[in-house]
Amino acid sequence: MRLASKLLREVRVLSLDFFCLLNFIKKDDFVYLDPPYIPYSKTSNFTSYNKYGFDFSMHERLLRFCDKIDKKGAKFLLSNSNTTSSLELYKNYNIIFVDSKRLINANPIGRGNIREILVKNF
């Protein structure tokens with residue numbers, strides 16, 4: 001516990017528009033991004049985590065944010081869905097495919113294994 005406490009002393013947890021974080025990011029920082037995923041289908045499009053939603057234009061904005069993180073010399077890791085749109089959007093970065101489980105779904109048939117992506121600039 002003491003080690004965890006020591007390591008977390010320099011960690012900042014913030015809740016604000018992600019572009020505002022650019023003021024805090026510096027060279028050699030590590031940024032993890034877990035946005036609402038690009039929907040796999042028209043029926044799996046829940047993106048209403050706030051009153052503004054998170055549509056594809058926000059994902060394009062997030063890509064520009066990643067570009068700025070990269071230009072600052074910081075590292076980022078972003079998780080998202082394995083869709084054609086995601087792969088095209090982040091094609092200039094390293095993409096890793098990971099298998100995951102979906103345990104939450106109103107329809108039990110929609111639960112189970114799914115492939116997602118991790119996007120990174122390192």
# chains A, B, ... in the order shown; residues from 1 in each chain; ligands from 1
$ select_by_dssp --residues "chain A" --states "helix (DSSP H, G or I)" --output "MDAnalysis selection string"
chainID A and resid 2:8 18:23 56:71 84:89 108:110
$ residues_around --residues "Val119 (chain A)" --least-positions-apart "4" --cutoff "7 Å" --atoms "only C-alpha atoms" --output "JSON, numbers by chain"
{"A": [77, 78, 79, 93, 94, 95, 96]}
$ write_last_selection --atoms "N, CA and C atoms" --output "JSON list (two decimals), in the first residue's frame"
[["chain", "number", "residue", "atom", "x", "y", "z"],
["A", 77, "LEU", "N", -2.01, 5.87, -24.91],
["A", 77, "LEU", "CA", -2.62, 4.58, -25.20],
["A", 77, "LEU", "C", -4.12, 4.81, -25.17],
["A", 78, "LEU", "N", -4.79, 4.43, -26.24],
["A", 78, "LEU", "CA", -6.22, 4.66, -26.39],
["A", 78, "LEU", "C", -6.91, 3.34, -26.68],
["A", 79, "SER", "N", -8.03, 3.08, -26.02],
["A", 79, "SER", "CA", -8.80, 1.87, -26.31],
["A", 79, "SER", "C", -10.04, 2.24, -27.10],
["A", 93, "TYR", "N", -1.11, 5.38, -36.38],
["A", 93, "TYR", "CA", -0.51, 4.98, -35.10],
["A", 93, "TYR", "C", -0.44, 3.46, -35.02],
["A", 94, "ASN", "N", 0.25, 2.96, -34.02],
["A", 94, "ASN", "CA", 0.36, 1.52, -33.80],
["A", 94, "ASN", "C", -0.95, 0.99, -33.23],
["A", 95, "ILE", "N", -1.47, -0.04, -33.86],
["A", 95, "ILE", "CA", -2.73, -0.63, -33.42],
["A", 95, "ILE", "C", -2.49, -2.08, -32.99],
["A", 96, "ILE", "N", -2.96, -2.39, -31.80],
["A", 96, "ILE", "CA", -2.85, -3.74, -31.25],
["A", 96, "ILE", "C", -4.27, -4.27, -31.08]]
$ select_by_dssp --residues "region 10-77 of chain A" --states "strand (DSSP E)" --output "VMD selection string"
chain A and resid 30 to 33 75 to 77
$ write_last_selection --atoms "N, CA and C atoms" --output "PDB file, in the first residue's frame"
ATOM      1  N   PHE A  30       2.586  10.010 -19.726  1.00  0.00           N
ATOM      2  CA  PHE A  30       1.801   8.920 -20.303  1.00  0.00           C
ATOM      3  C   PHE A  30       0.330   9.250 -20.099  1.00  0.00           C
ATOM      4  N   VAL A  31      -0.448   9.175 -21.184  1.00  0.00           N
ATOM      5  CA  VAL A  31      -1.874   9.501 -21.136  1.00  0.00           C
ATOM      6  C   VAL A  31      -2.667   8.288 -21.611  1.00  0.00           C
ATOM      7  N   TYR A  32      -3.597   7.826 -20.780  1.00  0.00           N
ATOM      8  CA  TYR A  32      -4.494   6.739 -21.188  1.00  0.00           C
ATOM      9  C   TYR A  32      -5.852   7.334 -21.528  1.00  0.00           C
ATOM     10  N   LEU A  33      -6.382   6.964 -22.690  1.00  0.00           N
ATOM     11  CA  LEU A  33      -7.659   7.500 -23.168  1.00  0.00           C
ATOM     12  C   LEU A  33      -8.647   6.349 -23.353  1.00  0.00           C
ATOM     13  N   LYS A  75       3.533  10.046 -24.390  1.00  0.00           N
ATOM     14  CA  LYS A  75       3.016   8.780 -24.914  1.00  0.00           C
ATOM     15  C   LYS A  75       1.529   8.680 -24.594  1.00  0.00           C
ATOM     16  N   PHE A  76       0.784   8.029 -25.502  1.00  0.00           N
ATOM     17  CA  PHE A  76      -0.621   7.774 -25.208  1.00  0.00           C
ATOM     18  C   PHE A  76      -0.993   6.354 -25.584  1.00  0.00           C
ATOM     19  N   LEU A  77      -2.010   5.870 -24.906  1.00  0.00           N
ATOM     20  CA  LEU A  77      -2.623   4.576 -25.199  1.00  0.00           C
ATOM     21  C   LEU A  77      -4.120   4.813 -25.174  1.00  0.00           C
TER      22      LEU A  77
END
$ closest_residue --among "A:Arg115, A:Lys27, A:Arg12, A:Arg64" --to "Asn92 (chain A)" --atoms "only C-alpha atoms"
A:Arg64
$ closest_residue --among "A:Leu87, A:Leu62, A:Leu7, A:Ile117" --to "Pro35 (chain A)" --atoms "only C-alpha atoms"
A:Leu62
$ residues_around --residues "Phe56 (chain A)" --least-positions-apart "4" --cutoff "12 Å" --atoms "only C-alpha atoms" --output "PyMOL selection string"
chain A and resi 35-39+45+47+60-63+85-86+89
$ residues_around --residues "Lys26 (chain A)" --least-positions-apart "2" --cutoff "12 Å" --atoms "only C-alpha atoms" --output "JSON, numbers by chain"
{"A": [21, 22, 23, 24, 28, 29, 30, 31, 68, 69, 70, 71, 72, 73, 74, 75, 76]}
$ write_last_selection --atoms "N, CA and C atoms" --output "PDB file, in the first residue's frame"
ATOM      1  N   LEU A  21      -6.793  19.318 -21.242  1.00  0.00           N
ATOM      2  CA  LEU A  21      -5.677  18.593 -20.629  1.00  0.00           C
ATOM      3  C   LEU A  21      -4.343  18.897 -21.295  1.00  0.00           C
ATOM      4  N   LEU A  22      -4.368  19.408 -22.516  1.00  0.00           N
ATOM      5  CA  LEU A  22      -3.108  19.706 -23.213  1.00  0.00           C
ATOM      6  C   LEU A  22      -2.217  20.633 -22.402  1.00  0.00           C
ATOM      7  N   ASN A  23      -2.831  21.505 -21.615  1.00  0.00           N
ATOM      8  CA  ASN A  23      -2.052  22.431 -20.787  1.00  0.00           C
ATOM      9  C   ASN A  23      -1.245  21.706 -19.713  1.00  0.00           C
ATOM     10  N   PHE A  24      -1.664  20.499 -19.342  1.00  0.00           N
ATOM     11  CA  PHE A  24      -1.004  19.744 -18.282  1.00  0.00           C
ATOM     12  C   PHE A  24      -0.010  18.714 -18.811  1.00  0.00           C
ATOM     13  N   ASP A  28       7.354  13.150 -22.145  1.00  0.00           N
ATOM     14  CA  ASP A  28       7.538  11.917 -21.372  1.00  0.00           C
ATOM     15  C   ASP A  28       6.361  11.544 -20.468  1.00  0.00           C
ATOM     16  N   ASP A  29       5.271  12.319 -20.482  1.00  0.00           N
ATOM     17  CA  ASP A  29       4.076  11.910 -19.741  1.00  0.00           C
ATOM     18  C   ASP A  29       3.428  10.727 -20.452  1.00  0.00           C
ATOM     19  N   PHE A  30       2.586  10.010 -19.726  1.00  0.00           N
ATOM     20  CA  PHE A  30       1.801   8.920 -20.303  1.00  0.00           C
ATOM     21  C   PHE A  30       0.330   9.250 -20.099  1.00  0.00           C
ATOM     22  N   VAL A  31      -0.448   9.175 -21.184  1.00  0.00           N
ATOM     23  CA  VAL A  31      -1.874   9.501 -21.136  1.00  0.00           C
ATOM     24  C   VAL A  31      -2.667   8.288 -21.611  1.00  0.00           C
ATOM     25  N   LYS A  68      -1.635  16.003 -30.970  1.00  0.00           N
ATOM     26  CA  LYS A  68      -0.976  17.034 -30.159  1.00  0.00           C
ATOM     27  C   LYS A  68      -0.180  16.411 -29.005  1.00  0.00           C
ATOM     28  N   ILE A  69      -0.714  15.357 -28.412  1.00  0.00           N
ATOM     29  CA  ILE A  69       0.031  14.635 -27.371  1.00  0.00           C
ATOM     30  C   ILE A  69       1.339  14.122 -27.958  1.00  0.00           C
ATOM     31  N   ASP A  70       1.240  13.528 -29.135  1.00  0.00           N
ATOM     32  CA  ASP A  70       2.410  12.975 -29.814  1.00  0.00           C
ATOM     33  C   ASP A  70       3.448  14.063 -30.097  1.00  0.00           C
ATOM     34  N   LYS A  71       2.997  15.218 -30.556  1.00  0.00           N
ATOM     35  CA  LYS A  71       3.919  16.322 -30.871  1.00  0.00           C
ATOM     36  C   LYS A  71       4.609  16.865 -29.627  1.00  0.00           C
ATOM     37  N   LYS A  72       3.971  16.724 -28.473  1.00  0.00           N
ATOM     38  CA  LYS A  72       4.586  17.171 -27.217  1.00  0.00           C
ATOM     39  C   LYS A  72       5.655  16.204 -26.724  1.00  0.00           C
ATOM     40  N   GLY A  73       5.728  15.027 -27.337  1.00  0.00           N
ATOM     41  CA  GLY A  73       6.705  14.039 -26.889  1.00  0.00           C
ATOM     42  C   GLY A  73       6.199  13.169 -25.758  1.00  0.00           C
ATOM     43  N   ALA A  74       4.892  13.190 -25.532  1.00  0.00           N
ATOM     44  CA  ALA A  74       4.283  12.329 -24.516  1.00  0.00           C
ATOM     45  C   ALA A  74       3.784  11.054 -25.191  1.00  0.00           C
ATOM     46  N   LYS A  75       3.533  10.046 -24.390  1.00  0.00           N
ATOM     47  CA  LYS A  75       3.016   8.780 -24.914  1.00  0.00           C
ATOM     48  C   LYS A  75       1.529   8.680 -24.594  1.00  0.00           C
ATOM     49  N   PHE A  76       0.784   8.029 -25.502  1.00  0.00           N
ATOM     50  CA  PHE A  76      -0.621   7.774 -25.208  1.00  0.00           C
ATOM     51  C   PHE A  76      -0.993   6.354 -25.584  1.00  0.00           C
TER      52      PHE A  76
END
$ closest_residue --among "A:Val98, A:Leu103, A:Cys20, A:Val13" --to "Asn80 (chain A)" --atoms "only C-alpha atoms"
A:Val98
$ atom_distance --atom1 "CA of Tyr90 (chain A)" --atom2 "CA of Lys120 (chain A)"
9.1 Å
